[in-house]
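Single-structure report; data block below.
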Amino acid sequence: MVDFEFNSQLYPYLKEMIMNLPNAPKLVMQALSKKDYNKEDLSLRSGVRRGELNFALCWIEALGFVYYTTSGRQKLYSLTPLGKKVYEEFNDLFHTLKEEPKD
């Protein structure tokens with residue numbers, strides 16, 4: 001496993017990025033911290049609607065926190081080593097959800 005050190009410049013950057021994440025990527029990170037999931041199960045476990053799931057995954061994939069492996073037509077999503085480390089380090093931020101307006 002790769003060991004990531006959050007140096008003095010990287011730590012505040014990651015903290016700010018995670019604080020500004022919408023709720024859906026945070027909920028996906030919470031679910032993936034427990035187990036790897038395909039999209040359907042990830043949607044159910046995270047409580048993120050299928051329509052929002054792709055959007056949520058784009059955020060955390062771009063940050064390098066999540067990756068997927070393909071088996072046939074199915075994608076299995078997992079936390080990257082960086083994603084695991086970030087989730088441990090900033091756990092409280094991933095569990096702090098923003099109040100979103102009601103539709």
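Following the order of the structure tokens, chains are lettered A, B, ..., residues in each are numbered from 1, and ligands are numbered from 1.
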
**OP:** Run DSSP on the backbone of this structure and report the residues of chain A it assigns to strand (DSSP E), as an MDAnalysis selection string.
**Re:** chainID A and resid 37:38 66:71 74:79

**OP:** Write out as number ranges by chain which residues come within 12 Å of Met29 (chain A) when counting only C-alpha atoms, dropping same-chain ones fewer than 5 positions away.
**Re:** A: 18, 21-24, 34-37, 42-43, 45-48, 53, 56-57, 59-61, 63-67, 77-80, 83-88, 90-91, 93-95

Output file for the selection above: N, CA and C atoms, as a tab-separated table (two decimals), in the first residue's frame:
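Just written: result.tsv:
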chain	number	residue	atom	x	y	z
A	18	ILE	N	-12.63	19.04	0.16
A	18	ILE	CA	-13.62	18.15	0.77
A	18	ILE	C	-14.75	18.95	1.41
A	21	LEU	N	-17.23	19.89	-1.26
A	21	LEU	CA	-17.91	18.85	-2.03
A	21	LEU	C	-19.41	18.91	-1.77
A	22	PRO	N	-20.22	18.67	-2.79
A	22	PRO	CA	-21.66	18.52	-2.56
A	22	PRO	C	-21.92	17.27	-1.69
A	23	ASN	N	-23.13	17.11	-1.22
A	23	ASN	CA	-23.46	15.98	-0.35
A	23	ASN	C	-23.31	14.63	-1.04
A	24	ALA	N	-23.72	14.52	-2.30
A	24	ALA	CA	-23.71	13.22	-2.98
A	24	ALA	C	-22.32	12.57	-3.00
A	34	LYS	N	-16.82	1.42	3.46
A	34	LYS	CA	-17.19	0.15	4.08
A	34	LYS	C	-16.97	-1.04	3.16
A	35	LYS	N	-17.21	-0.83	1.85
A	35	LYS	CA	-17.21	-1.95	0.91
A	35	LYS	C	-17.17	-1.43	-0.52
A	36	ASP	N	-16.70	-2.25	-1.45
A	36	ASP	CA	-16.75	-1.92	-2.87
A	36	ASP	C	-18.14	-2.25	-3.40
A	37	TYR	N	-18.65	-1.43	-4.32
A	37	TYR	CA	-20.00	-1.63	-4.83
A	37	TYR	C	-20.06	-1.40	-6.33
A	42	LEU	N	-24.32	0.76	-5.05
A	42	LEU	CA	-23.76	2.01	-4.52
A	42	LEU	C	-24.85	3.06	-4.38
A	43	SER	N	-25.73	3.14	-5.35
A	43	SER	CA	-26.84	4.07	-5.28
A	43	SER	C	-27.73	3.77	-4.07
A	45	ARG	N	-26.95	1.94	-1.28
A	45	ARG	CA	-26.22	2.05	0.00
A	45	ARG	C	-25.90	3.49	0.38
A	46	SER	N	-25.63	4.32	-0.62
A	46	SER	CA	-25.25	5.70	-0.33
A	46	SER	C	-26.46	6.62	-0.18
A	47	GLY	N	-27.60	6.18	-0.74
A	47	GLY	CA	-28.78	7.03	-0.71
A	47	GLY	C	-28.75	8.11	-1.78
A	48	VAL	N	-27.87	7.94	-2.77
A	48	VAL	CA	-27.75	8.91	-3.87
A	48	VAL	C	-28.52	8.35	-5.06
A	53	LEU	N	-25.76	9.94	-9.27
A	53	LEU	CA	-24.59	9.12	-8.94
A	53	LEU	C	-23.42	9.37	-9.88
A	56	ALA	N	-21.80	12.57	-8.91
A	56	ALA	CA	-21.06	12.41	-7.65
A	56	ALA	C	-19.75	11.67	-7.88
A	57	LEU	N	-19.79	10.63	-8.69
A	57	LEU	CA	-18.58	9.85	-8.96
A	57	LEU	C	-17.56	10.67	-9.73
A	59	TRP	N	-16.87	13.82	-9.44
A	59	TRP	CA	-16.15	14.67	-8.48
A	59	TRP	C	-15.02	13.89	-7.81
A	60	ILE	N	-15.36	12.75	-7.23
A	60	ILE	CA	-14.36	12.05	-6.42
A	60	ILE	C	-13.39	11.23	-7.27
A	61	GLU	N	-13.78	10.87	-8.49
A	61	GLU	CA	-12.82	10.25	-9.41
A	61	GLU	C	-11.78	11.28	-9.85
A	63	LEU	N	-10.71	13.79	-8.22
A	63	LEU	CA	-9.80	14.05	-7.10
A	63	LEU	C	-8.87	12.86	-6.83
A	64	GLY	N	-9.12	11.74	-7.48
A	64	GLY	CA	-8.29	10.55	-7.30
A	64	GLY	C	-8.66	9.73	-6.08
A	65	PHE	N	-9.88	9.90	-5.57
A	65	PHE	CA	-10.32	9.18	-4.37
A	65	PHE	C	-10.98	7.84	-4.70
A	66	VAL	N	-11.49	7.69	-5.93
A	66	VAL	CA	-12.26	6.52	-6.32
A	66	VAL	C	-11.80	6.03	-7.68
A	67	TYR	N	-11.83	4.72	-7.87
A	67	TYR	CA	-11.56	4.14	-9.18
A	67	TYR	C	-12.53	2.97	-9.37
A	77	TYR	N	-16.85	-0.15	-8.06
A	77	TYR	CA	-16.21	1.06	-7.56
A	77	TYR	C	-15.56	0.80	-6.21
A	78	SER	N	-14.38	1.38	-6.02
A	78	SER	CA	-13.58	1.22	-4.80
A	78	SER	C	-12.87	2.53	-4.48
A	79	LEU	N	-12.46	2.66	-3.23
A	79	LEU	CA	-11.61	3.79	-2.85
A	79	LEU	C	-10.19	3.48	-3.27
A	80	THR	N	-9.49	4.48	-3.77
A	80	THR	CA	-8.07	4.35	-4.07
A	80	THR	C	-7.31	4.40	-2.74
A	83	GLY	N	-7.81	7.75	-1.54
A	83	GLY	CA	-9.17	7.90	-1.05
A	83	GLY	C	-9.35	7.36	0.36
A	84	LYS	N	-8.74	6.21	0.63
A	84	LYS	CA	-8.81	5.62	1.98
A	84	LYS	C	-8.13	6.51	3.00
A	85	LYS	N	-6.96	7.00	2.66
A	85	LYS	CA	-6.19	7.86	3.57
A	85	LYS	C	-6.94	9.17	3.83
A	86	VAL	N	-7.47	9.77	2.78
A	86	VAL	CA	-8.20	11.03	2.89
A	86	VAL	C	-9.46	10.82	3.73
A	87	TYR	N	-10.15	9.70	3.51
A	87	TYR	CA	-11.37	9.42	4.27
A	87	TYR	C	-11.06	9.27	5.77
A	88	GLU	N	-9.96	8.61	6.08
A	88	GLU	CA	-9.56	8.46	7.49
A	88	GLU	C	-9.19	9.81	8.09
A	90	PHE	N	-9.89	12.96	7.07
A	90	PHE	CA	-10.93	14.01	7.05
A	90	PHE	C	-12.32	13.41	7.27
A	91	ASN	N	-12.40	12.37	8.06
A	91	ASN	CA	-13.66	11.65	8.29
A	91	ASN	C	-14.79	12.58	8.71
A	93	LEU	N	-15.27	15.67	8.00
A	93	LEU	CA	-15.74	16.49	6.88
A	93	LEU	C	-16.63	15.69	5.94
A	94	PHE	N	-16.33	14.42	5.77
A	94	PHE	CA	-17.16	13.57	4.91
A	94	PHE	C	-18.53	13.29	5.54
A	95	HIS	N	-18.62	13.45	6.85
A	95	HIS	CA	-19.88	13.21	7.55
A	95	HIS	C	-20.62	14.51	7.86

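Here CA of Tyr13 (chain A) is placed at a distance of 14.2 Å from CA of Leu82 (chain A).
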
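Taking CA of Lys75 (chain A) and CA of Leu32 (chain A) as endpoints, the distance between them is 13.5 Å.
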
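Atom to atom, CA of Phe6 (chain A) and CA of Glu99 (chain A) stand 29.0 Å apart.
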
Subject >> Residue nearest Ala31 (chain A) - candidates A:Leu44, A:Lys98, A:Pro12, A:Leu76, atoms counted: only C-alpha atoms >> reply: A:Leu44

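Of the listed residues (A:Met17, A:Lys26, A:Phe55, A:Tyr11), A:Lys26 comes nearest to Asp92 (chain A); the distances count only C-alpha atoms.
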